[in-house]
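Engineer: Got a file for you: start19.csv, CSV, N, CA, C and O atoms.
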chain,number,residue,atom,x,y,z
M,1,MET,N,-9.1,-16.2,6.4
M,1,MET,CA,-8.5,-15.7,7.6
M,1,MET,C,-8.3,-14.2,7.5
M,1,MET,O,-8.6,-13.5,8.5
M,2,LEU,N,-7.8,-13.6,6.4
M,2,LEU,CA,-7.7,-12.2,6.3
M,2,LEU,C,-9.0,-11.5,6.4
M,2,LEU,O,-9.2,-10.5,7.1
M,3,LEU,N,-10.0,-12.0,5.7
M,3,LEU,CA,-11.3,-11.4,5.7
M,3,LEU,C,-11.9,-11.5,7.1
M,3,LEU,O,-12.6,-10.5,7.6
M,4,GLN,N,-11.6,-12.5,7.9
M,4,GLN,CA,-12.1,-12.6,9.3
M,4,GLN,C,-11.5,-11.5,10.1
M,4,GLN,O,-12.1,-10.9,10.9
M,5,GLN,N,-10.2,-11.3,9.9
M,5,GLN,CA,-9.5,-10.2,10.6
M,5,GLN,C,-10.0,-8.9,10.3
M,5,GLN,O,-10.2,-8.0,11.2
M,6,LEU,N,-10.3,-8.6,9.0
M,6,LEU,CA,-10.9,-7.3,8.6
M,6,LEU,C,-12.3,-7.2,9.2
M,6,LEU,O,-12.7,-6.1,9.5
M,7,ARG,N,-13.0,-8.3,9.3
M,7,ARG,CA,-14.4,-8.2,9.9
M,7,ARG,C,-14.3,-7.9,11.4
M,7,ARG,O,-15.0,-7.1,11.9
M,8,ASP,N,-13.3,-8.5,12.0
M,8,ASP,CA,-13.1,-8.3,13.5
M,8,ASP,C,-12.7,-6.9,13.8
M,8,ASP,O,-13.0,-6.3,14.8
M,9,LEU,N,-11.9,-6.3,12.9
M,9,LEU,CA,-11.4,-4.9,13.1
M,9,LEU,C,-12.4,-3.8,12.8
M,9,LEU,O,-12.3,-2.7,13.2
M,10,LYS,N,-13.5,-4.2,12.1
M,10,LYS,CA,-14.5,-3.2,11.8
M,10,LYS,C,-15.2,-2.6,13.1
M,10,LYS,O,-15.5,-3.3,14.0
M,11,LEU,N,-15.2,-1.3,13.1
M,11,LEU,CA,-15.8,-0.7,14.3
M,11,LEU,C,-17.3,-0.8,14.2
M,11,LEU,O,-17.9,-0.8,13.2
M,12,PRO,N,-18.0,-1.0,15.4
M,12,PRO,CA,-19.4,-1.2,15.5
M,12,PRO,C,-20.3,-0.1,14.8
M,12,PRO,O,-21.3,-0.5,14.2
M,13,HIS,N,-19.8,1.1,14.8
M,13,HIS,CA,-20.7,2.2,14.2
M,13,HIS,C,-20.5,2.2,12.7
M,13,HIS,O,-21.3,3.0,12.0
M,14,LYS,N,-19.6,1.5,12.1
M,14,LYS,CA,-19.5,1.4,10.6
M,14,LYS,C,-20.5,0.4,10.1
M,14,LYS,O,-20.2,-0.8,10.0
M,15,THR,N,-21.6,0.9,9.7
M,15,THR,CA,-22.7,0.0,9.2
M,15,THR,C,-22.7,-0.1,7.7
M,15,THR,O,-23.4,-1.0,7.2
M,16,ALA,N,-22.0,0.7,7.0
M,16,ALA,CA,-22.1,0.6,5.5
M,16,ALA,C,-21.2,-0.5,4.9
M,16,ALA,O,-21.3,-0.8,3.7
M,17,SER,N,-20.4,-1.1,5.7
M,17,SER,CA,-19.4,-2.1,5.2
M,17,SER,C,-19.3,-3.2,6.2
M,17,SER,O,-19.5,-3.1,7.4
M,18,GLU,N,-19.0,-4.4,5.7
M,18,GLU,CA,-18.8,-5.6,6.5
M,18,GLU,C,-17.4,-5.6,7.1
M,18,GLU,O,-17.1,-6.3,8.1
M,19,TYR,N,-16.4,-4.9,6.4
M,19,TYR,CA,-15.0,-5.0,6.8
M,19,TYR,C,-14.5,-3.6,7.1
M,19,TYR,O,-14.9,-2.6,6.6
M,20,GLN,N,-13.4,-3.6,7.8
M,20,GLN,CA,-12.6,-2.4,8.1
M,20,GLN,C,-11.3,-2.5,7.4
M,20,GLN,O,-10.4,-3.3,7.8
M,21,VAL,N,-11.1,-1.8,6.3
M,21,VAL,CA,-9.9,-1.9,5.5
M,21,VAL,C,-8.9,-0.8,5.8
M,21,VAL,O,-7.7,-1.1,6.0
M,22,TRP,N,-9.4,0.4,5.9
M,22,TRP,CA,-8.5,1.5,6.1
M,22,TRP,C,-8.5,1.9,7.6
M,22,TRP,O,-9.5,1.7,8.3
M,23,GLN,N,-7.3,2.3,8.0
M,23,GLN,CA,-7.2,2.8,9.4
M,23,GLN,C,-8.1,4.0,9.7
M,23,GLN,O,-8.2,4.9,8.9
M,24,GLU,N,-8.8,4.0,10.8
M,24,GLU,CA,-9.7,5.1,11.2
M,24,GLU,C,-8.8,6.3,11.3
M,24,GLU,O,-7.8,6.4,11.9
M,25,GLY,N,-9.3,7.4,10.7
M,25,GLY,CA,-8.7,8.7,10.9
M,25,GLY,C,-7.6,9.0,9.9
M,25,GLY,O,-7.0,10.1,10.0
M,26,SER,N,-7.4,8.2,8.9
M,26,SER,CA,-6.3,8.5,7.9
M,26,SER,C,-6.9,9.6,7.0
M,26,SER,O,-8.0,9.6,6.6
M,27,MET,N,-6.0,10.6,6.7
M,27,MET,CA,-6.4,11.7,5.9
M,27,MET,C,-5.6,11.8,4.6
M,27,MET,O,-4.4,11.6,4.7
M,28,PRO,N,-6.2,12.0,3.5
M,28,PRO,CA,-5.4,12.1,2.2
M,28,PRO,C,-4.5,13.3,2.2
M,28,PRO,O,-4.8,14.3,2.8
M,29,LYS,N,-3.4,13.2,1.6
M,29,LYS,CA,-2.4,14.2,1.4
M,29,LYS,C,-2.1,14.5,0.0
M,29,LYS,O,-1.9,13.5,-0.8
M,30,GLN,N,-2.1,15.7,-0.5
M,30,GLN,CA,-1.8,16.0,-1.8
M,30,GLN,C,-0.3,15.9,-2.1
M,30,GLN,O,0.5,16.4,-1.3
M,31,ILE,N,0.0,15.2,-3.2
M,31,ILE,CA,1.4,15.0,-3.6
M,31,ILE,C,1.7,16.3,-4.4
M,31,ILE,O,1.2,16.6,-5.4
M,32,LEU,N,2.7,17.1,-3.8
M,32,LEU,CA,2.9,18.4,-4.4
M,32,LEU,C,4.1,18.5,-5.4
M,32,LEU,O,4.2,19.4,-6.2
M,33,ASN,N,5.0,17.5,-5.4
M,33,ASN,CA,6.1,17.5,-6.3
M,33,ASN,C,6.7,16.1,-6.4
M,33,ASN,O,6.3,15.2,-5.8
M,34,ASN,N,7.7,16.0,-7.3
M,34,ASN,CA,8.4,14.7,-7.6
M,34,ASN,C,9.1,14.2,-6.4
M,34,ASN,O,9.1,13.0,-6.1
M,35,GLU,N,9.7,15.1,-5.6
M,35,GLU,CA,10.4,14.6,-4.4
M,35,GLU,C,9.5,14.0,-3.4
M,35,GLU,O,9.8,12.9,-2.8
M,36,MET,N,8.3,14.6,-3.2
M,36,MET,CA,7.3,14.0,-2.3
M,36,MET,C,6.8,12.7,-2.8
M,36,MET,O,6.6,11.8,-2.0
M,37,MET,N,6.6,12.6,-4.1
M,37,MET,CA,6.1,11.4,-4.7
M,37,MET,C,7.1,10.2,-4.5
M,37,MET,O,6.7,9.1,-4.2
M,38,GLN,N,8.4,10.6,-4.7
M,38,GLN,CA,9.4,9.6,-4.5
M,38,GLN,C,9.5,9.1,-3.1
M,38,GLN,O,9.6,7.9,-2.8
M,39,GLN,N,9.3,10.0,-2.1
M,39,GLN,CA,9.3,9.7,-0.7
M,39,GLN,C,8.2,8.7,-0.4
M,39,GLN,O,8.3,7.7,0.3
M,40,LYS,N,7.0,9.0,-0.9
M,40,LYS,CA,5.8,8.2,-0.7
M,40,LYS,C,6.0,6.8,-1.3
M,40,LYS,O,5.6,5.8,-0.7
M,41,LEU,N,6.5,6.7,-2.5
M,41,LEU,CA,6.8,5.4,-3.1
M,41,LEU,C,7.7,4.6,-2.3
M,41,LEU,O,7.5,3.4,-2.1
M,42,GLU,N,8.8,5.2,-1.8
M,42,GLU,CA,9.8,4.5,-1.1
M,42,GLU,C,9.2,4.0,0.2
M,42,GLU,O,9.5,2.8,0.7
M,43,TYR,N,8.4,4.8,0.9
M,43,TYR,CA,7.7,4.4,2.1
M,43,TYR,C,6.8,3.1,1.8
M,43,TYR,O,6.9,2.2,2.6
M,44,ILE,N,6.0,3.2,0.8
M,44,ILE,CA,5.1,2.1,0.5
M,44,ILE,C,5.9,0.9,0.1
M,44,ILE,O,5.6,-0.2,0.6
M,45,HIS,N,6.9,1.0,-0.7
M,45,HIS,CA,7.7,-0.1,-1.1
M,45,HIS,C,8.5,-0.8,0.0
M,45,HIS,O,8.7,-2.0,0.0
M,46,ASN,N,8.8,0.0,1.0
M,46,ASN,CA,9.6,-0.6,2.1
M,46,ASN,C,8.7,-1.1,3.3
M,46,ASN,O,9.3,-1.7,4.2
M,47,ASN,N,7.4,-0.9,3.2
M,47,ASN,CA,6.6,-1.4,4.3
M,47,ASN,C,6.7,-2.9,4.5
M,47,ASN,O,6.8,-3.3,5.7
M,48,PRO,N,6.7,-3.7,3.5
M,48,PRO,CA,6.8,-5.2,3.7
M,48,PRO,C,8.1,-5.5,4.4
M,48,PRO,O,8.2,-6.5,5.1
M,49,VAL,N,9.2,-4.8,4.1
M,49,VAL,CA,10.5,-5.0,4.7
M,49,VAL,C,10.4,-4.6,6.2
M,49,VAL,O,10.9,-5.4,7.0
M,50,ALA,N,9.9,-3.4,6.4
M,50,ALA,CA,9.8,-3.0,7.8
M,50,ALA,C,8.9,-3.9,8.7
M,50,ALA,O,9.2,-4.1,9.9
M,51,ARG,N,7.9,-4.6,8.1
M,51,ARG,CA,7.1,-5.5,8.8
M,51,ARG,C,7.7,-6.9,9.0
M,51,ARG,O,7.2,-7.8,9.6
M,52,GLY,N,8.9,-7.1,8.3
M,52,GLY,CA,9.6,-8.4,8.4
M,52,GLY,C,9.0,-9.4,7.4
M,52,GLY,O,9.4,-10.6,7.6
M,53,TYR,N,8.2,-9.1,6.5
M,53,TYR,CA,7.6,-10.1,5.5
M,53,TYR,C,8.7,-10.5,4.5
M,53,TYR,O,8.6,-11.7,4.1
M,54,VAL,N,9.5,-9.6,4.1
M,54,VAL,CA,10.5,-9.9,3.1
M,54,VAL,C,11.8,-9.1,3.4
M,54,VAL,O,11.8,-8.2,4.3
M,55,ASP,N,12.9,-9.5,2.8
M,55,ASP,CA,14.2,-8.8,3.1
M,55,ASP,C,14.5,-7.7,2.1
M,55,ASP,O,15.3,-6.9,2.3
M,56,ASP,N,13.7,-7.8,0.9
M,56,ASP,CA,14.0,-6.8,-0.1
M,56,ASP,C,12.6,-6.4,-0.7
M,56,ASP,O,11.8,-7.3,-0.9
M,57,PRO,N,12.3,-5.2,-0.9
M,57,PRO,CA,11.0,-4.7,-1.5
M,57,PRO,C,10.7,-5.5,-2.8
M,57,PRO,O,9.5,-5.7,-3.1
M,58,LEU,N,11.7,-5.8,-3.6
M,58,LEU,CA,11.4,-6.5,-4.8
M,58,LEU,C,10.8,-7.9,-4.6
M,58,LEU,O,10.3,-8.5,-5.5
M,59,HIS,N,11.0,-8.5,-3.4
M,59,HIS,CA,10.5,-9.8,-3.2
M,59,HIS,C,9.0,-9.8,-2.8
M,59,HIS,O,8.4,-10.9,-2.7
M,60,TRP,N,8.4,-8.7,-2.5
M,60,TRP,CA,7.0,-8.6,-2.1
M,60,TRP,C,6.2,-8.7,-3.4
M,60,TRP,O,6.2,-7.8,-4.2
M,61,ARG,N,5.5,-9.8,-3.5
M,61,ARG,CA,4.7,-10.1,-4.7
M,61,ARG,C,3.8,-9.0,-5.2
M,61,ARG,O,3.6,-8.8,-6.4
M,62,TYR,N,3.1,-8.3,-4.3
M,62,TYR,CA,2.1,-7.4,-4.6
M,62,TYR,C,2.6,-5.9,-4.7
M,62,TYR,O,1.8,-5.0,-4.7
M,63,SER,N,3.9,-5.7,-4.7
M,63,SER,CA,4.5,-4.4,-4.7
M,63,SER,C,4.8,-3.9,-6.1
M,63,SER,O,5.1,-4.7,-7.0
M,64,SER,N,4.6,-2.6,-6.3
M,64,SER,CA,5.0,-2.0,-7.6
M,64,SER,C,6.5,-1.8,-7.6
M,64,SER,O,7.0,-1.3,-8.7
M,65,ALA,N,7.3,-2.1,-6.6
M,65,ALA,CA,8.7,-1.9,-6.5
M,65,ALA,C,9.4,-2.6,-7.7
M,65,ALA,O,10.3,-2.1,-8.3
M,66,ARG,N,8.9,-3.7,-8.1
M,66,ARG,CA,9.4,-4.5,-9.2
M,66,ARG,C,9.3,-3.6,-10.5
M,66,ARG,O,10.2,-3.6,-11.3
M,67,ASN,N,8.2,-3.0,-10.7
M,67,ASN,CA,8.0,-2.2,-11.9
M,67,ASN,C,9.0,-1.1,-12.0
M,67,ASN,O,9.5,-0.8,-13.0
M,68,TYR,N,9.1,-0.4,-10.8
M,68,TYR,CA,10.1,0.7,-10.8
M,68,TYR,C,11.5,0.3,-10.9
M,68,TYR,O,12.4,1.2,-11.2
M,69,ALA,N,11.8,-1.0,-10.7
M,69,ALA,CA,13.2,-1.5,-10.9
M,69,ALA,C,13.4,-2.1,-12.3
M,69,ALA,O,14.4,-2.7,-12.5
M,70,GLY,N,12.4,-1.9,-13.1
M,70,GLY,CA,12.5,-2.4,-14.5
M,70,GLY,C,12.1,-3.9,-14.6
M,70,GLY,O,12.5,-4.5,-15.7
M,71,GLN,N,11.5,-4.5,-13.6
M,71,GLN,CA,11.1,-5.9,-13.7
M,71,GLN,C,9.6,-6.0,-13.9
M,71,GLN,O,8.9,-5.0,-13.8
M,72,LEU,N,9.2,-7.1,-14.3
M,72,LEU,CA,7.8,-7.4,-14.5
M,72,LEU,C,7.1,-7.6,-13.2
M,72,LEU,O,7.5,-8.3,-12.3
M,73,GLY,N,6.0,-6.8,-13.0
M,73,GLY,CA,5.2,-6.9,-11.8
M,73,GLY,C,3.9,-7.6,-12.1
M,73,GLY,O,3.6,-8.0,-13.3
M,74,LEU,N,3.0,-7.7,-11.1
M,74,LEU,CA,1.7,-8.4,-11.3
M,74,LEU,C,0.7,-7.5,-12.2
M,74,LEU,O,-0.1,-8.1,-13.0
M,75,VAL,N,0.8,-6.2,-12.1
M,75,VAL,CA,0.0,-5.3,-12.9
M,75,VAL,C,0.9,-4.3,-13.5
M,75,VAL,O,1.9,-3.9,-13.0
M,76,GLU,N,0.4,-3.7,-14.6
M,76,GLU,CA,1.1,-2.7,-15.3
M,76,GLU,C,1.1,-1.4,-14.4
M,76,GLU,O,0.0,-1.0,-13.9
M,77,VAL,N,2.2,-0.7,-14.3
M,77,VAL,CA,2.3,0.5,-13.6
M,77,VAL,C,2.7,1.6,-14.5
M,77,VAL,O,3.7,1.5,-15.3
M,78,VAL,N,1.9,2.7,-14.5
M,78,VAL,CA,2.2,3.9,-15.4
M,78,VAL,C,3.1,4.8,-14.5
M,78,VAL,O,2.7,5.2,-13.5
M,79,THR,N,4.3,5.0,-14.9
M,79,THR,CA,5.3,5.8,-14.1
M,79,THR,C,5.4,7.2,-14.6
M,79,THR,O,6.1,8.0,-13.9
M,80,ASP,N,4.7,7.6,-15.6
M,80,ASP,CA,4.8,9.0,-16.0
M,80,ASP,C,3.5,9.8,-15.4
M,80,ASP,O,2.7,10.2,-16.1
M,81,TRP,N,3.5,9.9,-14.1
M,81,TRP,CA,2.4,10.5,-13.4
M,81,TRP,C,2.4,12.0,-13.3
M,81,TRP,O,1.5,12.5,-12.8
M,82,TYR,N,3.5,12.6,-13.7
M,82,TYR,CA,3.6,14.1,-13.5
M,82,TYR,C,2.6,14.8,-14.4
M,82,TYR,O,2.1,14.4,-15.3
Using structure tokens, write down the structure that the file contains.
Structural biologist:
Amino acid sequence: MLLQQLRDLKLPHKTASEYQVWQEGSMPKQILNNEMMQQKLEYIHNNPVARGYVDDPLHWRYSSARNYAGQLGLVEVVTDWY
């Protein structure tokens, strides 16, 4: 089902891939300091809550929010990124 949605979202001129995963026109931003990194992490962790999928970021199975809260997540997260 998800793969079909990603296939349907692919723009016709995108011939190198079967799926459209990233939003067209997104531009990378350099993380300049710890404050900016924290803001980006909070934004990412709160996306499932904003979309109504869960009530708490820690409840989203695929989120690293669990790791940052000292809980076990699905994959190991290295938090000393500075």
Engineer: For atom N of Ser63 of chain M and atom O of Val75 of chain M, quote the distance in Å rounded to one decimal.
Structural biologist: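 Atom-to-atom, atom N of Ser63 of chain M to atom O of Val75 of chain M, that is 8.7 Å.
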Engineer: Rank M:Leu2, M:Leu32, M:Leu9, M:Ala65 by their smallest atom-to-atom distance to His45 of chain M, using all atoms listed in the file, and report the top residue only.
Structural biologist: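 Answer, going by the shortest atom-to-atom distance: M:Ala65.
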Engineer: Please identify all polymer residues within 8 Å of Asp8 of chain M, counting all atoms listed in the file, omitting same-chain residues fewer than 5 positions from it, and present them as an MDAnalysis selection string.
Structural biologist: chainID M and resid 1:3 18:20
Engineer: Excluding Tyr62 of chain M and residues on its chain fewer than 5 positions from it, collect all residues at most 8 Å away from it, counting only N, CA, C and O atoms, and give them as an MDAnalysis selection string.
Structural biologist: chainID M and resid 57 73:75
